[in-house]
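Peer 1: Next comes the structure file protein_16.cif, holding mmCIF, C-alpha atoms.
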```cif
data_protein
loop_
_atom_site.label_atom_id
_atom_site.label_comp_id
_atom_site.auth_asym_id
_atom_site.auth_seq_id
_atom_site.Cartn_x
_atom_site.Cartn_y
_atom_site.Cartn_z
CA MET A 1 95.62 97.24 132.35
CA THR A 2 94.19 100.35 134.02
CA THR A 3 97.27 100.60 136.24
CA ILE A 4 99.57 100.39 133.22
CA THR A 5 97.56 103.10 131.44
CA GLY A 6 97.77 105.27 134.54
CA ILE A 7 101.52 104.78 134.82
CA ALA A 8 101.91 105.57 131.11
CA ALA A 9 99.98 108.80 131.64
CA ILE A 10 102.25 109.75 134.57
CA GLY A 11 105.29 108.96 132.40
CA ALA A 12 104.02 111.17 129.59
CA GLY A 13 103.41 113.93 132.12
CA LEU A 14 106.95 113.61 133.51
CA ALA A 15 108.38 113.76 129.97
CA ALA A 16 106.36 116.94 129.40
CA ILE A 17 107.77 118.46 132.61
CA GLY A 18 111.31 117.65 131.53
CA ALA A 19 110.80 119.12 128.08
CA GLY A 20 109.12 122.17 129.62
CA VAL A 21 112.18 122.83 131.80
CA GLY A 22 114.47 122.28 128.82
CA ILE A 23 112.61 124.55 126.42
CA GLY A 24 112.27 127.16 129.17
CA LYS A 25 116.03 127.20 129.67
CA ILE A 26 116.65 127.42 125.91
CA GLY A 27 114.15 130.27 125.56
CA GLY A 28 115.54 132.15 128.58
CA SER A 29 119.14 131.86 127.41
CA ALA A 30 118.19 132.84 123.86
CA MET A 31 116.42 135.93 125.22
CA ASP A 32 119.50 136.83 127.32
CA ALA A 33 121.78 136.38 124.33
CA MET A 34 119.52 138.45 122.08
CA ALA A 35 119.35 141.25 124.64
CA ARG A 36 123.15 141.22 124.89
CA GLN A 37 123.76 141.07 121.15
CA PRO A 38 120.72 142.24 119.21
CA GLU A 39 122.62 142.04 115.92
CA MET A 40 122.87 138.23 116.33
CA HIS A 41 119.09 138.01 116.67
CA GLY A 42 118.45 135.89 113.55
CA LYS A 43 121.16 133.32 114.18
CA ILE A 44 120.26 132.87 117.86
CA GLN A 45 116.60 132.55 116.90
CA SER A 46 117.15 129.71 114.44
CA SER A 47 119.55 127.77 116.65
CA ALA A 48 117.16 128.15 119.60
CA LEU A 49 114.37 126.73 117.43
CA ILE A 50 116.49 123.75 116.41
CA LEU A 51 117.50 123.06 120.01
CA ALA A 52 113.88 123.36 121.11
CA ALA A 53 112.98 120.77 118.47
CA PHE A 54 115.58 118.39 119.89
CA VAL A 55 114.28 118.80 123.43
CA GLU A 56 110.68 118.56 122.32
CA ALA A 57 111.40 115.22 120.62
CA VAL A 58 112.03 113.72 124.08
CA ALA A 59 108.57 114.79 125.25
CA LEU A 60 107.07 113.42 122.07
CA PHE A 61 108.74 110.06 122.64
CA GLY A 62 106.91 110.07 125.97
CA VAL A 63 103.63 110.89 124.21
CA VAL A 64 104.15 108.07 121.72
CA VAL A 65 104.87 105.58 124.51
CA ALA A 66 101.70 106.74 126.29
CA PHE A 67 99.72 106.30 123.04
CA LEU A 68 101.04 102.79 122.57
CA GLN A 69 100.23 101.91 126.17
CA GLY A 70 96.88 103.71 126.46
CA MET B 1 108.58 130.65 117.17
CA CYS B 2 106.78 133.98 116.96
CA THR B 3 109.58 135.62 115.03
CA PHE B 4 109.46 132.90 112.46
CA ALA B 5 105.76 133.57 112.08
CA ALA B 6 106.50 137.29 111.96
CA LYS B 7 109.07 136.62 109.26
CA LEU B 8 106.50 134.72 107.25
CA ILE B 9 104.00 137.52 107.69
CA LYS B 10 106.69 139.99 106.59
CA VAL B 11 107.17 137.85 103.51
CA PHE B 12 103.45 138.06 102.85
CA LEU B 13 103.46 141.82 103.33
CA ILE B 14 106.28 142.49 100.90
CA LYS B 15 103.79 142.99 98.12
CA SER B 16 100.97 145.19 99.30
CA SER B 17 98.68 143.67 96.66
CA VAL B 18 99.13 140.37 98.45
CA LEU B 19 98.10 141.98 101.73
CA ASN B 20 94.38 141.92 101.04
CA SER B 21 94.33 138.31 99.92
CA PHE B 22 96.48 137.43 102.94
CA ARG B 23 93.94 139.07 105.24
CA THR B 24 91.19 137.09 103.58
CA VAL B 25 93.16 133.88 104.03
CA LEU B 26 93.88 134.68 107.69
CA PHE B 27 90.29 135.41 108.58
CA SER B 28 88.90 132.49 106.64
CA THR B 29 91.35 130.25 108.46
CA LEU B 30 90.13 131.61 111.78
CA PHE B 31 86.52 131.00 110.81
CA LEU B 32 87.38 127.53 109.61
CA ALA B 33 88.95 126.97 113.01
CA ILE B 34 85.66 127.88 114.65
CA SER B 35 83.86 125.35 112.47
CA PHE B 36 85.65 122.59 114.37
CA VAL B 37 82.54 122.89 116.54
CA GLY B 38 80.47 121.40 113.76
CA PHE B 39 83.19 118.83 113.41
CA ALA B 40 82.67 117.46 116.90
CA LYS B 41 78.92 117.79 116.75
CA GLU B 42 78.55 115.25 113.97
CA ASN B 43 79.86 112.64 116.35
CA GLU B 44 77.20 113.28 118.92
CA PRO B 45 75.67 109.95 119.88
CA THR B 46 72.23 109.51 118.34
CA GLN B 47 70.84 107.28 121.04
CA ASP B 48 70.82 108.72 124.53
CA ASP B 49 71.74 105.42 126.14
CA ALA B 50 75.00 105.00 124.21
CA PRO B 51 77.70 106.88 126.14
CA PHE B 52 79.90 109.24 124.14
CA ASP B 53 83.32 107.70 123.60
CA PRO B 54 85.87 110.48 122.99
CA LYS B 55 88.70 108.02 122.36
CA ALA B 56 86.84 106.29 119.51
CA MET B 57 85.87 109.64 117.98
CA ILE B 58 89.43 110.98 118.14
CA LEU B 59 90.95 107.80 116.74
CA HIS B 60 88.41 107.84 113.92
CA HIS B 61 89.60 111.31 112.93
CA VAL B 62 93.31 110.69 113.35
CA LYS B 63 93.48 107.33 111.57
CA ASP B 64 93.44 106.63 107.87
CA ALA B 65 90.13 105.58 106.29
CA HIS B 66 88.79 103.90 103.17
CA GLU B 67 86.18 106.57 102.51
CA PHE B 68 86.11 110.33 102.67
CA HIS B 69 83.42 111.01 105.24
CA LEU B 70 82.43 114.67 104.79
CA TRP B 71 79.40 115.25 107.01
CA ASP B 72 76.13 113.73 108.16
CA TRP B 73 72.95 114.96 106.52
CA LYS B 74 69.78 114.06 108.42
CA GLY B 75 71.31 110.92 109.83
CA THR B 76 72.88 109.60 106.63
CA PRO B 77 76.59 110.12 106.09
CA VAL B 78 77.64 112.12 103.04
CA SER B 79 80.92 110.73 101.85
CA LEU B 80 83.23 110.30 98.92
CA SER B 81 83.80 106.64 98.13
CA LEU B 82 87.37 105.62 97.34
CA PRO B 83 88.52 102.55 95.43
CA ILE B 84 89.68 99.49 97.31
CA ILE B 85 92.50 97.61 95.63
CA LEU B 86 93.51 94.27 97.13
CA TRP B 87 95.97 91.59 96.17
CA THR B 88 94.33 88.25 96.97
CA ASP B 89 94.94 84.65 95.92
CA ASN B 90 92.81 85.31 92.84
CA GLY B 91 94.92 88.29 91.79
CA ILE B 92 93.99 91.95 91.93
CA THR B 93 90.54 92.59 93.38
CA THR B 94 88.98 96.03 93.11
CA PHE B 95 85.66 97.43 94.27
CA SER B 96 84.30 100.67 95.63
CA SER B 97 84.29 101.35 99.35
CA SER B 98 80.63 102.43 98.99
CA GLN B 99 79.73 98.71 98.87
CA PHE B 100 80.36 98.52 102.60
CA HIS B 101 77.57 101.10 103.16
CA HIS B 102 79.62 102.95 105.84
CA ASP B 103 79.84 99.75 107.88
CA ASP B 104 83.01 99.55 109.94
CA GLU B 105 81.99 96.71 112.27
CA GLY B 106 82.53 93.83 109.85
CA LYS B 107 78.80 93.17 109.32
CA THR B 108 78.44 93.96 105.62
CA ILE B 109 80.05 91.29 103.44
CA VAL B 110 81.13 92.25 99.93
CA GLN B 111 81.54 89.54 97.29
CA ALA B 112 84.22 90.33 94.74
CA ASN B 113 86.45 88.22 92.51
CA GLY B 114 85.54 84.99 94.28
CA GLY B 115 86.23 86.24 97.79
CA SER B 116 84.18 87.74 100.63
CA PHE B 117 85.48 90.87 102.27
CA VAL B 118 84.53 92.83 105.37
CA LYS B 119 85.74 96.15 106.73
CA LEU B 120 86.57 96.09 110.43
CA HIS B 121 88.02 99.21 112.09
CA GLU B 122 89.21 100.53 108.71
CA LYS B 123 91.02 97.29 107.91
CA ILE B 124 89.87 95.03 105.08
CA TYR B 125 89.63 91.35 105.97
CA GLN B 126 89.03 88.43 103.64
CA LEU B 127 86.80 85.71 105.08
CA GLU B 128 88.03 82.13 104.84
CA ALA B 129 86.19 79.94 102.31
CA GLY B 130 82.77 78.89 103.59
CA ALA B 131 82.53 81.49 106.35
CA THR B 132 79.40 83.65 106.28
CA ALA B 133 80.12 85.93 109.23
CA VAL B 134 83.16 87.13 111.14
CA ALA B 135 83.91 85.17 114.30
CA TYR B 136 85.89 86.82 117.07
CA ASP B 137 88.13 85.55 119.81
CA ALA B 138 88.13 86.89 123.38
CA GLU B 139 90.21 89.96 122.41
CA HIS B 140 87.89 90.88 119.53
CA HIS B 141 90.32 89.74 116.85
CA PRO B 142 88.71 87.93 113.90
CA THR B 143 89.50 84.21 113.90
CA ASN B 144 88.18 83.16 110.49
CA ALA B 145 89.51 86.02 108.37
CA HIS B 146 92.89 87.29 107.23
CA LYS B 147 94.15 90.58 105.86
CA PRO B 148 95.00 90.56 102.15
CA LEU B 149 97.68 92.93 100.82
CA ASN B 150 95.95 96.28 100.65
CA PHE B 151 96.95 98.88 98.03
CA SER B 152 93.76 100.89 98.34
CA ILE B 153 93.53 104.58 97.55
CA THR B 154 92.73 105.61 101.10
CA ARG B 155 91.89 109.06 102.42
CA ASN B 156 95.57 109.82 103.02
CA VAL B 157 96.69 108.66 99.58
CA PHE B 158 93.93 110.72 98.00
CA MET B 159 94.92 113.84 99.95
CA MET B 160 98.56 113.28 99.06
CA TRP B 161 97.66 113.31 95.37
CA VAL B 162 95.58 116.45 95.84
CA SER B 163 98.51 118.20 97.51
CA VAL B 164 100.92 116.99 94.82
CA ALA B 165 98.58 118.35 92.12
CA LEU B 166 98.28 121.66 93.95
CA LEU B 167 102.06 121.97 94.41
CA LEU B 168 102.65 121.14 90.74
CA LEU B 169 100.12 123.79 89.74
CA ILE B 170 101.71 126.43 91.99
CA PHE B 171 105.30 125.72 91.03
CA LEU B 172 104.74 125.22 87.31
CA THR B 173 102.89 128.55 87.23
CA THR B 174 105.76 130.13 89.14
CA ALA B 175 108.35 128.69 86.77
CA ARG B 176 106.36 129.80 83.72
CA SER B 177 106.09 133.35 85.01
CA TYR B 178 109.90 133.57 85.25
CA LYS B 179 110.23 132.26 81.71
CA LYS B 180 107.82 134.91 80.43
CA SER B 181 109.21 137.94 82.26
CA LYS B 182 112.15 139.56 80.49
CA ASP B 183 113.98 141.09 83.46
CA GLY B 184 113.37 138.26 85.95
CA VAL B 185 110.86 140.26 87.97
CA PRO B 186 108.33 137.84 89.48
CA THR B 187 104.69 138.39 88.57
CA GLY B 188 101.50 136.86 89.93
CA ILE B 189 101.92 133.87 92.21
CA ALA B 190 105.69 133.94 91.70
CA GLY B 191 105.77 137.17 93.70
CA PHE B 192 104.23 135.22 96.56
CA MET B 193 106.46 132.15 96.24
CA GLU B 194 109.79 133.86 95.62
CA PRO B 195 110.29 135.14 99.21
CA LEU B 196 109.48 131.68 100.57
CA ILE B 197 111.89 129.95 98.21
CA VAL B 198 114.58 132.53 98.99
CA PHE B 199 113.88 131.93 102.69
CA VAL B 200 114.57 128.20 102.28
CA ARG B 201 117.75 128.98 100.34
CA ASP B 202 119.18 131.72 102.57
CA GLU B 203 118.02 130.57 106.01
CA ILE B 204 118.18 126.79 105.60
CA GLY B 205 120.33 125.74 102.63
CA LYS B 206 123.24 128.18 102.76
CA PRO B 207 123.96 128.32 106.52
CA MET B 208 123.47 124.59 107.16
CA ILE B 209 125.20 123.01 104.14
CA GLY B 210 127.60 125.77 103.12
CA GLU B 211 127.95 128.25 100.26
CA HIS B 212 129.67 125.84 97.88
CA LYS B 213 127.57 122.70 98.18
CA TYR B 214 124.04 123.83 98.98
CA LYS B 215 122.85 123.95 95.36
CA LYS B 216 122.83 120.18 94.92
CA TYR B 217 120.44 119.76 97.87
CA MET B 218 118.07 122.67 97.18
CA PRO B 219 115.53 120.69 95.08
CA TYR B 220 115.09 118.17 97.88
CA LEU B 221 114.92 120.80 100.64
CA LEU B 222 112.35 122.89 98.77
CA THR B 223 110.28 119.80 97.99
CA ILE B 224 110.06 118.54 101.56
CA PHE B 225 109.49 122.04 102.96
CA PHE B 226 106.49 122.80 100.77
CA PHE B 227 105.18 119.22 100.73
CA ILE B 228 105.15 118.94 104.53
CA TRP B 229 103.77 122.43 104.95
CA ILE B 230 100.87 122.00 102.54
CA ASN B 231 99.96 118.62 104.01
CA ASN B 232 100.06 120.04 107.54
CA ILE B 233 97.68 122.78 106.41
CA PHE B 234 95.35 120.25 104.76
CA GLY B 235 95.26 118.38 108.06
CA LEU B 236 93.76 121.45 109.74
CA ILE B 237 90.91 122.04 107.28
CA PRO B 238 87.83 120.66 109.03
CA ILE B 239 85.72 119.91 105.95
CA LEU B 240 88.40 117.47 104.78
CA ASN B 241 87.68 115.70 108.06
CA GLY B 242 91.24 115.96 109.21
CA ALA B 243 92.98 114.16 106.39
CA ASN B 244 95.84 113.55 108.76
CA LEU B 245 98.57 112.77 106.24
CA SER B 246 101.58 114.25 108.04
CA GLY B 247 100.28 112.60 111.23
CA ASN B 248 100.65 109.22 109.56
CA ILE B 249 103.81 107.43 110.60
CA ALA B 250 104.24 105.72 107.22
CA PHE B 251 104.35 109.11 105.52
CA THR B 252 106.90 110.61 107.92
CA PHE B 253 108.89 107.35 107.80
CA THR B 254 109.21 107.66 104.03
CA LEU B 255 110.35 111.28 104.20
CA ALA B 256 112.85 110.50 106.98
CA MET B 257 114.08 107.54 104.90
CA PHE B 258 114.82 109.88 101.97
CA THR B 259 116.84 112.13 104.27
CA PHE B 260 118.70 109.10 105.66
CA ILE B 261 119.53 107.74 102.20
CA ILE B 262 120.72 111.12 100.90
CA THR B 263 122.83 111.67 104.04
CA THR B 264 124.40 108.21 103.81
CA PHE B 265 125.21 108.46 100.11
CA SER B 266 126.61 111.98 100.28
CA GLY B 267 128.79 111.20 103.30
CA ASN B 268 132.46 111.89 102.56
CA LYS B 269 135.62 110.38 104.04
CA ASN B 270 135.56 112.84 106.91
CA TYR B 271 131.97 111.91 107.86
CA TRP B 272 132.70 108.18 108.01
CA LYS B 273 135.91 108.81 109.92
CA HIS B 274 133.91 110.66 112.56
CA ILE B 275 131.59 107.68 112.86
CA PHE B 276 134.05 104.76 112.90
CA TRP B 277 137.31 106.26 114.19
CA MET B 278 136.68 109.60 115.91
CA PRO B 279 139.77 111.75 115.40
CA GLY B 280 141.37 113.63 118.28
CA VAL B 281 140.45 111.27 121.15
CA PRO B 282 142.44 108.41 122.77
CA VAL B 283 142.06 104.89 121.34
CA PRO B 284 139.82 103.41 124.11
CA MET B 285 137.50 106.37 123.60
CA LYS B 286 137.48 105.77 119.82
CA ILE B 287 136.31 102.18 120.42
CA PHE B 288 133.74 103.37 122.93
CA LEU B 289 132.38 106.08 120.61
CA MET B 290 132.03 103.88 117.53
CA PRO B 291 128.80 102.04 118.54
CA ILE B 292 127.32 105.30 119.86
CA GLU B 293 127.97 107.06 116.56
CA ILE B 294 126.55 104.13 114.58
CA ILE B 295 123.37 104.17 116.67
CA GLY B 296 123.27 107.96 116.24
CA MET B 297 123.28 107.52 112.48
CA PHE B 298 119.95 105.68 112.72
CA VAL B 299 118.46 107.66 115.59
CA LYS B 300 118.59 110.90 113.58
CA PRO B 301 116.05 109.86 110.90
CA ILE B 302 113.95 108.04 113.52
CA SER B 303 113.69 111.21 115.58
CA LEU B 304 112.78 113.16 112.43
CA MET B 305 110.03 110.63 111.77
CA ILE B 306 108.62 110.66 115.30
CA ARG B 307 108.87 114.44 115.73
CA LEU B 308 106.67 115.27 112.73
CA PHE B 309 104.24 112.39 113.35
CA ALA B 310 103.79 113.08 117.06
CA ASN B 311 103.58 116.86 116.71
CA ILE B 312 100.82 116.78 114.14
CA THR B 313 98.93 113.90 115.75
CA ALA B 314 99.16 115.50 119.19
CA GLY B 315 97.80 118.77 117.74
CA HIS B 316 94.77 116.99 116.26
CA VAL B 317 94.20 115.00 119.44
CA ILE B 318 94.30 118.12 121.63
CA ILE B 319 91.78 120.03 119.46
CA LEU B 320 89.40 117.07 119.31
CA ALA B 321 89.79 116.30 123.02
CA LEU B 322 88.88 119.90 123.90
CA MET B 323 85.79 119.65 121.70
CA SER B 324 84.88 116.31 123.31
CA LEU B 325 84.72 118.00 126.71
CA ILE B 326 81.29 119.42 125.81
CA PHE B 327 79.88 115.97 125.16
CA VAL B 328 81.68 114.36 128.07
CA PHE B 329 80.24 116.86 130.57
CA LYS B 330 76.92 117.08 128.68
CA SER B 331 76.66 120.74 129.54
CA VAL B 332 76.39 123.98 127.56
CA ALA B 333 78.26 125.83 130.30
CA ILE B 334 81.54 124.19 129.34
CA ALA B 335 81.11 125.06 125.64
CA PRO B 336 82.55 128.62 125.69
CA VAL B 337 85.66 127.42 127.52
CA SER B 338 86.06 124.49 125.18
CA VAL B 339 85.55 126.57 122.03
CA ALA B 340 87.90 129.30 123.23
CA PHE B 341 90.62 126.81 124.07
CA SER B 342 90.32 124.92 120.80
CA LEU B 343 90.40 128.17 118.86
CA PHE B 344 93.59 129.09 120.73
CA ILE B 345 95.15 125.68 120.05
CA THR B 346 94.08 125.82 116.39
CA VAL B 347 95.81 129.17 115.93
CA ILE B 348 98.95 127.69 117.51
CA GLU B 349 98.61 124.69 115.20
CA ILE B 350 98.55 127.03 112.19
CA ILE B 351 101.95 128.32 113.30
CA VAL B 352 103.10 124.76 114.03
CA THR B 353 102.33 123.70 110.44
CA ALA B 354 105.06 126.06 109.22
CA ILE B 355 107.40 125.43 112.18
CA GLN B 356 107.39 121.66 111.71
CA ALA B 357 108.03 121.94 107.97
CA TYR B 358 110.89 124.33 108.81
CA ILE B 359 112.32 122.02 111.49
CA PHE B 360 112.21 118.94 109.28
CA THR B 361 113.90 120.81 106.43
CA ILE B 362 116.54 122.51 108.57
CA LEU B 363 117.46 119.26 110.34
CA SER B 364 117.71 117.43 107.00
CA ALA B 365 119.96 120.24 105.77
CA LEU B 366 121.99 120.00 108.98
CA TYR B 367 122.56 116.28 108.43
CA PHE B 368 123.56 116.89 104.80
CA GLY B 369 125.93 119.58 106.02
CA MET B 370 127.47 117.17 108.55
CA ALA B 371 127.88 114.51 105.86
CA THR B 372 129.67 116.82 103.43
CA GLU B 373 131.76 118.81 105.92
CA GLU B 374 135.46 119.03 105.06
CA GLU B 375 138.21 118.32 107.59
CA HIS B 376 139.03 121.31 109.77
#
```
Can I see the file as structure tokens?
Peer 2:
Amino acid sequence: MTTITGIAAIGAGLAAIGAGVGIGKIGGSAMDAMARQPEMHGKIQSSALILAAFVEAVALFGVVVAFLQG
Amino acid sequence: MCTFAAKLIKVFLIKSSVLNSFRTVLFSTLFLAISFVGFAKENEPTQDDAPFDPKAMILHHVKDAHEFHLWDWKGTPVSLSLPIILWTDNGITTFSSSQFHHDDEGKTIVQANGGSFVKLHEKIYQLEAGATAVAYDAEHHPTNAHKPLNFSITRNVFMMWVSVALLLLIFLTTARSYKKSKDGVPTGIAGFMEPLIVFVRDEIGKPMIGEHKYKKYMPYLLTIFFFIWINNIFGLIPILNGANLSGNIAFTFTLAMFTFIITTFSGNKNYWKHIFWMPGVPVPMKIFLMPIEIIGMFVKPISLMIRLFANITAGHVIILALMSLIFVFKSVAIAPVSVAFSLFITVIEIIVTAIQAYIFTILSALYFGMATEEEH
């Protein structure tokens, strides 16, 4: 049981790393795009937020699995 | 994320008269955030030999409950009792949760309507006829009791009604102020609500669904936006003991279900064609894409459900876990770090309350937009 809990914790951590990379890329690209075209600021902002929500969901699935296992 | 917050703040600043009250709200929220310290303290173990169990404390705060535990006063819990409504073999059985005397271990037995009931880990069990105490198997599951259908007004249901009453009050006042004013200029609370409503219309409804069709969906979008937002905020108020409504999966399931039903019923020919017979790709690919698209239809509301539930629950868990650090290490030295971190996380959570309401609404609008899109 302890081993399974430990593995679940590692899995949740890996999911967080993946989502961190993903959200970092989204944020970086959004910043680049905004610097290039400041007049598109609002649109880029909202689509970046939506995309971040999609990526974040993956990490949250990991959290939920860890909760169920822990 | 920050610009969205900045936008909200800009909305608040539009009327300078609102500025002062906004400042008051901001600072009171910050002070309330600090009072999470008191929140964790009440769970300090009374006997020195009993080790502090952070997991039990956190679960107690995150889960639903049958009573509204406010605080402990000199060792006795001060709480609001809520009604328990059960459907048993003898029909509807009702009694007050105060009859359990704050017992959650299944020791206090309540006799009502010809049955004996115990509360065990916030679940109500009915003892089998003749049993006088709960018997457990090796995994601590009761062997001589079963769960009757439970329609109780729990902490979450109670908080939901409070938020519904508050929303009705706010929006009926807003609507009345428009009826009264001759030139349509908002007065009073309407001046505060109008920018938010216009934000939902212009930033969520119009771009996601389209200029021609957005009006039909606005009532739903506005409802979920404000309902989720206000319940997220209620979850952060410590005195309410973390009435964690939007961190309850049944609540988010219901909201996601509404979005799913509306999407499915407003889907036009073009939407169904994209699911069952994807245009513009070769036939083997069409067959291959069909099951994927059908699964996608169901995954969308499921991800809506899990995103809101997990975000809010994770926020509560992080704040409480940081507070638990003090009691785990049993040291005052760790307290400043712990308090500073939980204050930081709480401020982030205040932003997240609005962000999650925004995300849920904008994704719902996106799905409606996909369902009603015309062929291009």
Peer 1: Starting from the PyMOL selection byres ((chain B) within 12 of (chain A)), expand the selection into actual residues of this file and give them as a count of residues only.
Peer 2: 44
Peer 1: For Ala321 of chain B, list every protein, DNA or RNA residue within 10 Å, evaluated using only C-alpha atoms, and leave out those in the same chain fewer than 6 positions away; present the list as a PyMOL selection string.
Peer 2: chain B and resi 40+54-55+57-58+315+328+338+342
Peer 1: Could you expand the PyMOL selection byres ((chain B and resi 147) around 8) into the explicit residues it covers here, written as a list in words?
Peer 2: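 Selected by the PyMOL selection byres ((chain B and resi 147) around 8) here: Lys123, Ile124, Tyr125, Gln126, Ala145, His146, Pro148, Leu149 and Asn150 of chain B.
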Peer 1: Please, what distance in Å, to one decimal, runs between atom CA of Ile10 of chain A and atom CA of Gly235 of chain B?
Peer 2: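 The value is 28.7 Å.
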Peer 1: Quick one: 4 Å padding each side, axis-aligned, all listed atoms of segment 33-44 of chain A - centre and edge lengths in Å to one decimal, as AutoDock Vina command-line options?
Peer 2:
```
--center_x 121.1 --center_y 137.6 --center_z 119.2 --size_x 13.3 --size_y 17.4 --size_z 19.3
```
Peer 1: Using only C-alpha atoms, which of the listed residues (A:Ala19, A:Ile26, A:Val65, A:Ala8) sits closest to Ile44 of chain A?
Peer 2: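 Of all the options, A:Ile26 lies closest to Ile44 of chain A.
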Peer 1: Assuming the chain letters and numbering stay as they are in my file, what does the PyMOL selection byres ((chain B and resi 227) around 10) actually select? List them as a list in words.
Peer 2: Met160, Ser163, Val164, Leu166, Leu167, Leu221, Leu222, Thr223, Ile224, Phe225, Phe226, Ile228, Trp229, Ile230, Asn231, Asn232, Ser246 and Ala357 of chain B
Peer 1: Using atom CA of Ala66 of chain A and atom CA of Ala12 of chain A as the two end points, give the distance in Å to one decimal.
Peer 2: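 One can read the atom CA of Ala66 of chain A to atom CA of Ala12 of chain A distance as 6.0 Å.
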Peer 1: With all atoms listed in the file as the counted atoms, please give the residues lying no more than 12 Å from Ile294 of chain B, apart from itself and same-chain residues fewer than 4 positions off, as a list in words.
Peer 2: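 These residues fall inside the cut-off: Thr264, Tyr271, Trp272, Lys273, His274, Ile275, Phe276, Trp277, Met278, Ile287, Phe288, Leu289, Met290, Phe298, Val299 and Lys300 of chain B.
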Peer 1: For a test of reading the model, state the distance in Å between atom CA of Ile262 of chain B and atom CA of His212 of chain B, rounded to one decimal.
Peer 2: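 For atom CA of Ile262 of chain B relative to atom CA of His212 of chain B, the distance reads 17.5 Å.
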